[in-house]
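S.K.: This is protein.cif, which holds mmCIF, C-alpha atoms:
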data_model
#
loop_
_atom_site.label_atom_id
_atom_site.label_comp_id
_atom_site.auth_asym_id
_atom_site.auth_seq_id
_atom_site.Cartn_x
_atom_site.Cartn_y
_atom_site.Cartn_z
CA MET J 1 0.00 0.00 0.00
CA THR J 2 2.94 2.32 0.55
CA THR J 3 5.60 3.78 -1.70
CA ASN J 4 9.18 4.38 -0.68
CA ILE J 5 10.22 7.97 -0.85
CA GLY J 6 13.61 9.55 -0.56
CA THR J 7 16.59 7.62 0.66
CA HIS J 8 15.83 7.33 4.35
CA GLY J 9 13.39 4.48 4.36
CA LEU J 10 10.33 6.68 4.60
CA THR J 11 7.09 5.66 2.98
CA CYS J 12 3.97 7.38 1.92
CA MET J 13 0.65 6.36 0.50
CA ASP J 14 -0.14 7.28 -2.98
CA GLY J 15 -3.48 8.18 -4.47
CA SER J 16 -4.39 4.62 -5.39
CA ASP J 17 -4.17 3.57 -1.75
CA TYR J 18 -7.26 5.51 -0.74
CA ALA J 19 -9.51 2.91 -2.33
CA ALA J 20 -7.55 0.16 -0.60
CA ILE J 21 -8.03 1.92 2.73
CA SER J 22 -11.75 2.04 2.10
CA LEU J 23 -11.79 -1.63 1.35
CA TRP J 24 -9.71 -2.37 4.42
CA MET J 25 -12.11 -0.39 6.62
CA GLN J 26 -15.11 -2.06 5.02
CA ALA J 27 -13.63 -5.51 5.58
CA ASN J 28 -12.88 -4.73 9.21
CA ALA J 29 -16.30 -3.18 9.77
CA GLN J 30 -18.01 -6.24 8.38
CA ALA J 31 -15.76 -8.63 10.29
CA THR J 32 -16.39 -6.75 13.53
CA ASP J 33 -20.10 -6.75 12.79
CA ALA J 34 -20.15 -10.48 12.14
CA ALA J 35 -18.25 -11.20 15.35
CA LEU J 36 -20.59 -9.05 17.40
CA VAL J 37 -23.69 -10.56 15.81
CA GLY J 38 -22.42 -13.99 16.83
CA ILE J 39 -21.78 -12.79 20.37
CA ARG J 40 -25.23 -11.24 20.58
CA GLN J 41 -26.83 -14.47 19.39
CA SER J 42 -24.94 -16.47 22.01
CA LEU J 43 -25.99 -14.03 24.70
CA SER J 44 -29.58 -14.12 23.58
CA THR J 45 -29.55 -17.90 23.79
CA PHE J 46 -28.00 -17.65 27.24
CA MET J 47 -30.64 -15.15 28.38
CA ASP J 48 -33.53 -17.09 26.89
CA ARG J 49 -32.66 -20.62 27.85
CA PRO J 50 -34.72 -23.34 26.28
CA TYR J 51 -37.12 -24.92 28.76
CA TRP J 52 -40.07 -27.27 28.78
CA GLN J 53 -42.57 -28.05 31.49
CA ALA J 54 -45.47 -30.51 31.41
CA THR J 55 -48.37 -30.74 33.86
CA ASN J 56 -50.81 -33.64 33.98
CA ILE J 57 -54.34 -32.75 32.90
CA ASN J 58 -56.05 -35.98 33.95
CA VAL J 59 -56.44 -37.69 37.31
CA ILE J 60 -53.84 -40.45 37.52
CA ASN J 61 -54.29 -43.54 39.68
CA VAL J 62 -51.21 -45.50 40.64
CA ASP J 63 -51.17 -48.99 42.09
CA SER J 64 -48.53 -51.65 42.44
CA VAL J 65 -49.90 -54.23 40.04
CA SER J 66 -50.89 -52.46 36.83
CA GLY J 67 -49.50 -49.68 34.67
CA THR J 68 -46.32 -49.35 32.68
CA ILE J 69 -42.92 -50.87 33.30
CA GLY J 70 -40.30 -48.37 34.36
CA PRO J 71 -36.64 -48.52 35.35
CA ASN J 72 -35.51 -51.65 37.15
CA GLY J 73 -38.75 -53.37 36.22
CA ALA J 74 -40.83 -51.18 38.51
CA VAL J 75 -44.57 -50.94 37.85
CA GLY J 76 -46.04 -47.47 37.87
CA GLU J 77 -47.29 -44.52 35.88
CA THR J 78 -45.90 -41.59 33.91
CA ILE J 79 -47.50 -38.18 33.43
CA GLY J 80 -48.47 -39.42 29.99
CA GLY J 81 -49.83 -36.33 28.27
CA GLY J 82 -50.38 -32.92 29.66
CA THR J 83 -50.28 -29.17 29.35
CA VAL J 84 -46.91 -27.95 28.10
CA VAL J 85 -45.24 -24.56 28.53
CA SER J 86 -41.98 -24.28 26.60
CA ASN J 87 -39.37 -22.13 24.92
CA GLU J 88 -37.22 -23.31 21.98
CA ILE J 89 -38.40 -26.88 22.60
CA PRO J 90 -41.58 -28.21 20.96
CA SER J 91 -44.70 -27.20 22.86
CA SER J 92 -46.18 -30.67 22.42
CA PHE J 93 -45.56 -33.52 24.80
CA LEU J 94 -42.16 -34.89 23.87
CA THR J 95 -42.17 -38.34 22.38
CA GLN J 96 -39.90 -38.93 19.41
CA TYR J 97 -37.95 -35.68 19.82
CA ARG J 98 -34.20 -35.44 19.76
CA LEU J 99 -33.14 -32.97 22.42
CA PRO J 100 -30.42 -30.59 21.25
CA LYS J 101 -27.00 -31.52 22.55
CA GLY J 102 -26.46 -30.20 26.04
CA VAL J 103 -26.89 -30.47 29.77
CA TYR J 104 -30.37 -30.01 31.20
CA LEU J 105 -31.78 -29.59 34.69
CA LEU J 106 -34.54 -32.18 35.01
CA GLN J 107 -37.10 -31.85 37.80
CA SER J 108 -40.39 -33.34 38.88
CA SER J 109 -42.81 -32.69 41.71
CA VAL J 110 -46.01 -34.55 42.58
CA ASN J 111 -48.78 -34.19 45.14
CA TYR J 112 -50.97 -37.20 45.92
CA THR J 113 -53.42 -38.83 48.27
CA VAL J 114 -53.27 -42.43 49.34
CA ALA J 115 -56.02 -44.44 51.00
CA THR J 116 -55.13 -46.69 53.95
CA PRO J 117 -51.52 -47.52 53.06
CA ASN J 118 -49.82 -50.29 54.95
CA ASN J 119 -47.24 -49.19 57.47
CA ASN J 120 -43.67 -48.80 56.19
CA THR J 121 -44.60 -49.04 52.52
CA THR J 122 -42.88 -46.81 50.04
CA ARG J 123 -43.56 -44.60 47.07
CA THR J 124 -40.88 -43.59 44.59
CA LEU J 125 -40.66 -40.67 42.18
CA MET J 126 -38.10 -40.88 39.38
CA VAL J 127 -36.82 -38.67 36.58
CA TYR J 128 -34.61 -39.84 33.74
CA GLY J 129 -34.00 -39.61 30.04
CA MET J 130 -35.60 -42.14 27.72
CA ASP J 131 -33.89 -43.19 24.52
CA SER J 132 -35.56 -44.36 21.37
CA ILE J 133 -33.86 -46.98 19.26
CA ASN J 134 -35.22 -47.38 15.77
CA GLY J 135 -38.34 -45.55 16.88
CA LEU J 136 -39.01 -47.94 19.76
CA GLU J 137 -38.52 -47.42 23.47
CA SER J 138 -37.61 -50.06 26.01
CA SER J 139 -37.74 -48.55 29.47
CA GLN J 140 -35.82 -51.32 31.18
CA PHE J 141 -32.73 -50.88 29.08
CA THR J 142 -32.63 -47.38 27.66
CA ASN J 143 -33.28 -45.00 30.52
CA ARG J 144 -30.41 -42.60 31.15
CA ASN J 145 -29.38 -40.38 34.07
CA LEU J 146 -31.83 -41.83 36.58
CA TYR J 147 -32.60 -39.86 39.75
CA GLN J 148 -35.15 -40.97 42.32
CA VAL J 149 -36.54 -40.13 45.73
CA ARG J 150 -38.51 -42.44 48.03
CA THR J 151 -40.89 -41.82 50.90
CA LEU J 152 -42.00 -44.07 53.70
CA GLU J 153 -45.60 -44.01 54.83
CA ALA J 154 -46.52 -44.24 58.47
CA GLY J 155 -49.53 -46.28 57.39
CA GLY J 156 -52.98 -46.38 58.86
CA ALA J 157 -55.69 -44.08 57.63
CA GLY J 158 -55.71 -42.16 54.38
CA ASN J 159 -52.88 -39.74 53.93
CA SER J 160 -51.44 -37.23 51.54
CA GLY J 161 -47.93 -37.01 50.27
CA ALA J 162 -45.72 -34.81 48.14
CA MET J 163 -42.42 -35.59 46.48
CA SER J 164 -39.86 -33.77 44.39
CA VAL J 165 -36.70 -34.89 42.65
CA GLN J 166 -34.16 -33.35 40.32
CA GLY J 167 -31.00 -34.16 38.47
CA LEU J 168 -28.98 -33.41 35.36
CA LEU J 169 -29.91 -34.91 32.03
CA PHE J 170 -27.24 -35.20 29.35
CA ALA J 171 -28.33 -35.16 25.74
CA ASP J 172 -25.68 -36.20 23.25
CA GLY J 173 -27.55 -34.83 20.26
CA VAL J 174 -27.34 -38.23 18.61
CA HIS J 175 -29.89 -40.34 20.44
CA THR J 176 -33.55 -39.43 20.46
CA ARG J 177 -33.77 -38.71 24.17
CA ARG J 178 -36.75 -37.32 25.99
CA PRO J 179 -37.44 -36.61 29.67
CA GLU J 180 -39.60 -38.92 31.73
CA SER J 181 -41.09 -38.78 35.22
CA PHE J 182 -42.20 -42.08 36.72
CA PHE J 183 -44.11 -42.78 39.92
CA THR J 184 -44.33 -46.13 41.70
CA HIS J 185 -46.39 -47.24 44.68
CA GLN J 186 -45.11 -50.33 46.50
CA ASN J 187 -48.25 -51.30 48.35
CA THR J 188 -50.71 -53.86 47.02
CA SER J 189 -53.57 -52.91 49.35
CA SER J 190 -53.89 -49.21 48.54
CA GLN J 191 -53.97 -46.87 45.59
CA ILE J 192 -52.44 -43.47 44.89
CA VAL J 193 -54.57 -40.72 43.40
CA ILE J 194 -52.88 -37.79 41.67
CA ALA J 195 -55.24 -34.93 40.89
CA ALA J 196 -55.13 -33.03 37.61
CA GLY J 197 -52.42 -30.38 37.77
CA ALA J 198 -50.61 -32.04 40.68
CA TRP J 199 -47.72 -33.65 38.77
CA ARG J 200 -45.13 -31.58 36.95
CA MET J 201 -41.94 -32.32 35.07
CA SER J 202 -39.52 -29.61 33.96
CA LEU J 203 -36.51 -29.42 31.70
CA LEU J 204 -34.16 -26.40 31.66
CA PHE J 205 -31.21 -26.07 29.28
CA LEU J 206 -28.09 -25.19 31.26
CA GLY J 207 -25.39 -25.25 28.58
CA SER J 208 -23.87 -27.23 25.80
CA GLY J 209 -20.99 -28.33 28.00
CA LEU J 210 -18.79 -31.31 27.35
CA VAL J 211 -21.11 -34.18 26.69
CA ILE J 212 -19.78 -37.71 26.79
CA MET O 1 -21.21 6.33 4.12
CA PRO O 2 -22.55 2.77 4.27
CA THR O 3 -23.10 0.98 7.57
CA THR O 4 -23.14 -2.62 8.73
CA SER O 5 -26.15 -4.26 10.38
CA LEU O 6 -24.95 -3.05 13.78
CA GLY O 7 -24.35 0.50 12.54
CA ILE O 8 -20.58 0.45 12.00
CA THR O 9 -19.81 3.09 9.36
CA TYR O 10 -17.09 2.71 6.78
CA PRO O 11 -16.18 4.60 3.61
CA CYS O 12 -16.82 3.31 0.16
CA SER O 13 -14.20 3.74 -2.49
CA THR O 14 -15.52 7.08 -3.59
CA ASP O 15 -15.67 8.63 -0.11
CA LEU O 16 -13.04 11.02 1.02
CA ILE O 17 -11.06 9.53 3.86
CA ASN O 18 -10.28 12.11 6.46
CA LEU O 19 -10.17 12.44 10.24
CA ALA O 20 -13.97 12.58 10.49
CA THR O 21 -14.27 9.36 8.51
CA LEU O 22 -11.86 7.57 10.82
CA GLN O 23 -13.54 8.96 13.95
CA SER O 24 -16.92 7.85 12.67
CA PHE O 25 -15.53 4.36 12.06
CA ALA O 26 -14.03 4.17 15.54
CA ASN O 27 -17.06 5.64 17.31
CA SER O 28 -19.58 3.44 15.56
CA THR O 29 -17.47 0.36 16.29
CA ASP O 30 -17.31 1.37 19.93
CA THR O 31 -21.10 1.83 20.02
CA ALA O 32 -21.67 -1.63 18.56
CA ILE O 33 -19.30 -3.20 21.08
CA ASN O 34 -20.99 -1.34 23.95
CA SER O 35 -24.34 -2.69 22.81
CA ALA O 36 -23.01 -6.24 22.96
CA ASN O 37 -21.43 -5.54 26.34
CA GLN O 38 -24.73 -4.31 27.73
CA LEU O 39 -26.38 -7.49 26.58
CA GLY O 40 -23.57 -9.44 28.21
CA ASN O 41 -24.04 -7.58 31.46
CA LEU O 42 -27.74 -8.33 31.39
CA ALA O 43 -26.96 -12.00 30.88
CA ARG O 44 -24.35 -12.06 33.62
CA LEU O 45 -26.27 -9.89 36.06
CA ALA O 46 -29.55 -11.76 36.00
CA ASN O 47 -32.35 -10.90 38.39
CA PHE O 48 -31.53 -12.90 41.48
CA ALA O 49 -32.45 -12.90 45.15
CA ARG O 50 -31.51 -14.88 48.21
CA VAL O 51 -33.56 -14.47 51.35
CA ARG O 52 -33.38 -16.28 54.65
CA ASN O 53 -35.06 -16.87 57.92
CA VAL O 54 -32.22 -17.13 60.41
CA LEU O 55 -34.17 -16.43 63.60
CA GLY O 56 -36.44 -19.44 63.21
CA GLN O 57 -40.17 -19.51 62.56
CA THR O 58 -42.62 -21.63 64.51
CA PHE O 59 -45.47 -23.21 62.58
CA ALA O 60 -48.66 -24.31 64.28
CA VAL O 61 -49.43 -27.96 63.62
CA ALA O 62 -51.90 -28.71 60.83
CA VAL O 63 -51.89 -25.12 59.53
CA SER O 64 -50.28 -24.38 56.16
CA THR O 65 -48.46 -21.12 56.86
CA PRO O 66 -46.38 -18.81 54.65
CA THR O 67 -42.69 -18.58 55.41
CA THR O 68 -41.55 -15.21 56.75
CA TYR O 69 -38.08 -14.09 55.73
CA ASP O 70 -36.11 -11.93 58.15
CA THR O 71 -32.90 -11.48 56.16
CA GLU O 72 -32.29 -10.26 52.64
CA ALA O 73 -28.89 -11.65 51.72
CA PHE O 74 -28.98 -10.47 48.12
CA ASP O 75 -31.56 -8.94 45.85
CA ARG O 76 -30.94 -7.84 42.27
CA GLY O 77 -34.23 -6.86 40.72
CA GLY O 78 -36.18 -6.07 43.89
CA PHE O 79 -37.91 -9.36 44.68
CA PHE O 80 -38.14 -8.72 48.41
CA THR O 81 -39.37 -5.92 50.64
CA SER O 82 -39.40 -6.07 54.42
CA GLY O 83 -42.96 -4.73 54.40
CA ALA O 84 -44.18 -7.96 52.80
CA PRO O 85 -41.74 -10.51 54.26
CA THR O 86 -43.56 -13.61 53.00
CA LEU O 87 -43.51 -12.64 49.33
CA LEU O 88 -41.02 -12.75 46.50
CA THR O 89 -42.35 -10.56 43.70
CA LEU O 90 -41.09 -11.29 40.20
CA PRO O 91 -39.53 -8.12 38.78
CA ALA O 92 -39.90 -8.94 35.07
CA ASN O 93 -41.66 -11.22 32.63
CA GLY O 94 -39.79 -14.47 32.18
CA THR O 95 -38.90 -17.87 33.56
CA TYR O 96 -37.42 -18.37 37.01
CA LEU O 97 -35.64 -21.15 38.85
CA TYR O 98 -36.70 -21.31 42.50
CA THR O 99 -34.82 -23.25 45.15
CA THR O 100 -35.39 -23.49 48.87
CA HIS O 101 -33.67 -25.29 51.72
CA VAL O 102 -35.45 -25.76 55.03
CA VAL O 103 -33.87 -27.02 58.24
CA VAL O 104 -36.14 -28.33 60.98
CA GLN O 105 -34.84 -26.95 64.27
CA SER O 106 -37.39 -28.48 66.60
CA ASN O 107 -40.41 -30.69 66.20
CA PRO O 108 -42.40 -33.27 68.14
CA ALA O 109 -40.75 -36.58 68.86
CA THR O 110 -43.63 -38.60 67.51
CA TYR O 111 -44.25 -39.29 63.86
CA THR O 112 -44.25 -35.89 62.25
CA SER O 113 -44.09 -34.71 58.66
CA LEU O 114 -43.29 -31.37 57.12
CA ARG O 115 -44.88 -30.44 53.83
CA LEU O 116 -43.40 -27.67 51.70
CA ALA O 117 -45.46 -26.02 48.98
CA VAL O 118 -44.33 -23.35 46.54
CA LEU O 119 -47.26 -21.13 45.65
CA VAL O 120 -47.51 -18.75 42.71
CA ASN O 121 -50.15 -16.05 43.16
CA GLY O 122 -51.64 -18.11 45.97
CA VAL O 123 -51.93 -21.36 44.01
CA GLU O 124 -49.79 -24.39 44.89
CA PHE O 125 -47.27 -25.10 42.14
CA ALA O 126 -44.77 -27.62 43.57
CA TYR O 127 -44.53 -29.71 46.69
CA HIS O 128 -42.37 -31.85 48.90
CA LYS O 129 -43.22 -33.74 52.07
CA GLU O 130 -41.05 -35.82 54.36
CA GLN O 131 -41.04 -37.20 57.84
CA CYS O 132 -38.95 -35.15 60.22
CA ASN O 133 -39.15 -37.02 63.53
CA THR O 134 -36.69 -36.62 66.30
CA SER O 135 -37.52 -40.14 67.44
CA PRO O 136 -36.89 -42.15 65.39
CA ASN O 137 -34.53 -39.57 64.03
CA VAL O 138 -34.92 -39.02 60.28
CA SER O 139 -34.06 -36.29 57.82
CA ARG O 140 -34.44 -32.75 59.08
CA ASP O 141 -33.04 -30.98 56.02
CA PHE O 142 -35.53 -30.44 53.25
CA GLY O 143 -35.01 -29.11 49.75
CA LEU O 144 -37.32 -28.18 46.92
CA SER O 145 -36.47 -26.75 43.53
CA VAL O 146 -38.89 -25.90 40.76
CA LEU O 147 -38.94 -24.12 37.41
CA LEU O 148 -41.52 -21.34 37.17
CA PRO O 149 -42.02 -20.90 33.42
CA ALA O 150 -43.46 -17.94 31.52
CA ARG O 151 -44.38 -15.81 34.50
CA VAL O 152 -45.23 -12.11 34.36
CA ALA O 153 -43.86 -9.19 36.31
CA GLY O 154 -45.70 -8.79 39.59
CA ASP O 155 -46.42 -12.48 40.15
CA VAL O 156 -45.75 -13.39 43.77
CA VAL O 157 -44.10 -16.57 45.03
CA THR O 158 -44.53 -17.85 48.57
CA LEU O 159 -43.34 -20.91 50.45
CA ASN O 160 -45.86 -22.55 52.77
CA GLN O 161 -44.89 -24.98 55.49
CA LEU O 162 -47.25 -27.47 57.06
CA PHE O 163 -46.42 -29.70 60.03
CA THR O 164 -48.57 -32.75 60.51
CA GLY O 165 -48.32 -34.81 63.64
CA ALA O 166 -48.49 -34.09 67.32
CA GLY O 167 -47.30 -30.51 67.66
CA ASN O 168 -45.77 -27.34 66.33
CA GLY O 169 -42.45 -27.19 64.52
CA THR O 170 -39.76 -24.58 64.10
CA THR O 171 -37.60 -24.17 60.99
CA THR O 172 -35.03 -21.91 59.47
CA MET O 173 -34.83 -21.56 55.72
CA ASN O 174 -32.83 -20.24 52.81
CA THR O 175 -34.51 -19.46 49.50
CA SER O 176 -33.02 -18.40 46.18
CA ILE O 177 -34.67 -17.37 42.95
CA ILE O 178 -33.02 -16.46 39.64
CA GLN O 179 -34.41 -15.42 36.29
CA VAL O 180 -33.23 -17.89 33.64
CA ALA O 181 -35.11 -16.62 30.57
CA ASN O 182 -36.88 -13.51 29.37
CA VAL O 183 -39.80 -15.53 28.03
#
For this file, produce the structure as C-alpha cells.
M.R.:
Amino acid sequence: MTTNIGTHGLTCMDGSDYAAISLWMQANAQATDAALVGIRQSLSTFMDRPYWQATNINVINVDSVSGTIGPNGAVGETIGGGTVVSNEIPSSFLTQYRLPKGVYLLQSSVNYTVATPNNNTTRTLMVYGMDSINGLESSQFTNRNLYQVRTLEAGGAGNSGAMSVQGLLFADGVHTRRPESFFTHQNTSSQIVIAAGAWRMSLLFLGSGLVI
Amino acid sequence: MPTTSLGITYPCSTDLINLATLQSFANSTDTAINSANQLGNLARLANFARVRNVLGQTFAVAVSTPTTYDTEAFDRGGFFTSGAPTLLTLPANGTYLYTTHVVVQSNPATYTSLRLAVLVNGVEFAYHKEQCNTSPNVSRDFGLSVLLPARVAGDVVTLNQLFTGAGNGTTTMNTSIIQVANV
C-alpha cells in the first residue's frame, strides 16, 4: 500500500491507496459486525434458555400391580400427556424428539393422596432420560441419568404425600432422548390418586458443556 | 457512508477519507461493542435474590403457613421488601428457577411430617413432604427446587410450610430465585 520515498526508508501512501483503505475499513467493519452478531446471538440464547414443562391434565391412579414398566422393572405410571409450557423446545408432549446436545436440569414434583396404606410401605418418584432406538422405546434398558426419591408411609388411615426430585440430564444430540417422570407405589392394598395439575416435570437447558 | 447491520460506518471507495471518517468508524465500532457488552451484562447480572429466615419460625401444627423471611442476603431486581416478608415478587416477565432449603430446628418426637409447597399467586405449584421425627430420628433438612415458566412481572411466590403430627415445629430456611429466561 505504501511507496518508498527519498533515501531514508520513509514511505507514503499514494493516491491509489485511498480505495484500498476504504476496502480495508469495510472488511474490518463487516468482520467486527459479524463477530458481534455472533456474540449477541450467544448471549440471547443464554438469556432465553430453552425450557419445557409438562403438567398432567387428567387424574392419575397408581397402584402396584398395573400400569407401565419403568426402570428396574418397577410398575407405575408416567405423566403421559399434559399441558406444556416451553421455549425453543416443541410445545407438544415430547415423544420422538431429539433434544439438542447439552446439559439439562430435570425436575419433577407430585402431590398425591393415598387411602389406607400399609405401614412402612414406600412410594418412589423418578426422573430420567428415555432413549428411542429405531423408533421404539424399552424402558428397562434405555433410561439414562436416573434420579429418584422415596418416601416411607406411616400407614394407617388415608394420607397425603408430596415428592420432588431433580438431576442433570445429558443429551448427546445423537440419540432421540426425551425426559420422563415415573411414579411407583409399592403397596398392594392401597392406591395413589394424583389430581389433575398435581404432577409436573420440567426441563431447563443449562449449557452445551462437554457431553460424553 | 454505508453501515453494517450493527451500525458500523465505513467509507466506500468514492468517499473522502479524512479524520472525520476515521472517527466515525471508531465511534460506531465502539457503540456496537458497547451494545453487545450491555447485553452481556444483562446475561451475567440476572435478576436474582436470596432471602433467609435465620431467627427461626414456629409453625402451628396442621396449619399451612407462609414462610416469613427476616434477612435479605442479596436482591438484584427487587424481589423482596421487608414490608411484605412472605412474598417474592417477580420483577420482570420471564422464567425463574426457585430453590429453597429448610432445616427443621425443633419438632415433636412422635411421627411428624413437614410439607413444603411453593405457591404462585396463591396457588400451589410444587410440593415436597417428608417425615422429620426426632424419634426415630430421620431427615431434618428439606429441599425443593422448581422451574416457574413464563411468568409475568408482579407475580408473587410464597413458600408454605405445614407440620402434621403431634405438635408445632420450628424451621429456618434459605430461599433463592433467579431469572433464567426472558420468556
S.K.: Identify every residue of chain O that has at least one atom within 7 Å of any atom of chain J, counting only C-alpha atoms, and report the result as a VMD selection string.
M.R.: chain O and resid 4 to 6 8 10 to 13 36 39 to 40 43 126 to 130 144 146 to 147 149 180 to 183
S.K.: If we count all atoms listed in the file and set the cut-off at 8 Å, which residues sit around Ala171 in chain J, ignoring sequence neighbours fewer than 6 positions away in its own chain? Please answer as a PyMOL selection string.
M.R.: chain J and resi 99-104+177+211
S.K.: Quick one, how far is CA of Ser66 in chain J from CA of Gly81 in chain J?
M.R.: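 Separation between CA of Ser66 in chain J and CA of Gly81 in chain J: 18.3 Å.
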S.K.: Within 6 Å of range 47-59 of chain O, counting only C-alpha atoms, which residues qualify if same-chain residues fewer than 3 places away don't, as a PyMOL selection string?
M.R.: chain O and resi 69-77+168-179
S.K.: Mind pulling up the distance from CA of Gly143 in chain O to CA of Thr100 in chain O?
M.R.: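 Computing it gives 5.7 Å between the two atoms.
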S.K.: Would you compute the distance between CA of Thr65 in chain O and CA of Gly165 in chain O? Give it in Å to one decimal.
M.R.: 15.3 Å
S.K.: Check which residues satisfy the PyMOL selection byres ((chain J and resi 179) around 8) in the file shown, then give them as a short mmCIF file (atom, residue, chain, number, x, y, z; two decimals) with C-alpha atoms, in the frame of the given file.
M.R.:
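Now in expr08.cif:
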data_model
loop_
_atom_site.label_atom_id
_atom_site.label_comp_id
_atom_site.auth_asym_id
_atom_site.auth_seq_id
_atom_site.Cartn_x
_atom_site.Cartn_y
_atom_site.Cartn_z
CA LEU J 94 -42.16 -34.89 23.87
CA LEU J 106 -34.54 -32.18 35.01
CA VAL J 127 -36.82 -38.67 36.58
CA TYR J 128 -34.61 -39.84 33.74
CA GLY J 129 -34.00 -39.61 30.04
CA MET J 130 -35.60 -42.14 27.72
CA ARG J 177 -33.77 -38.71 24.17
CA ARG J 178 -36.75 -37.32 25.99
CA GLU J 180 -39.60 -38.92 31.73
CA SER J 181 -41.09 -38.78 35.22
CA LEU J 203 -36.51 -29.42 31.70
#
S.K.: Nearest residue to Ile60 in chain J out of J:Thr95, J:Thr113, J:Asn159, J:Thr121, using only C-alpha atoms?
M.R.: J:Thr113
S.K.: Any chance you could resolve the PyMOL selection byres ((chain O and resi 158) around 10) against this file and give the residues as a ChimeraX atom specification?
M.R.: /O:65-68,85-89,117-124,156-157,159-161
S.K.: At most 12 Å from (-23.4, 8.5, 5.1), file frame, only C-alpha atoms: which residues, as an MDAnalysis selection string?
M.R.: chainID O and resid 1:4 7:12 14:16 20:21 24:25
S.K.: Write out as an MDAnalysis selection string each polymer residue whose atoms come within 10 Å of Arg98 in chain J, counting only C-alpha atoms; drop sequence neighbours fewer than 5 positions from it.
M.R.: chainID J and resid 89 131:132 171:178
S.K.: Calculated over all atoms listed in the file, which of the candidates O:Ala62, O:Ala92, O:Val152, O:Ile17 has the smallest distance to Ser113 in chain O?
M.R.: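 Of O:Ala62, O:Ala92, O:Val152, O:Ile17, the one nearest Ser113 in chain O is O:Ala62, counting all atoms listed in the file.
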S.K.: Enclose all atoms of range 143-147 of chain J listed in the file in an axis-aligned box, grow every side by 5 Å, and hand back centre and edge lengths in Å to one decimal, as AutoDock Vina command-line options.
M.R.:
--center_x -31.3 --center_y -42.4 --center_z 35.1 --size_x 13.9 --size_y 15.1 --size_z 19.2
S.K.: Using the chain letters and numbers from the file, which residues does the PyMOL selection byres ((chain O and resi 90) around 6) grab, as an MDAnalysis selection string?
M.R.: chainID O and resid 79 89 91:92 153:155
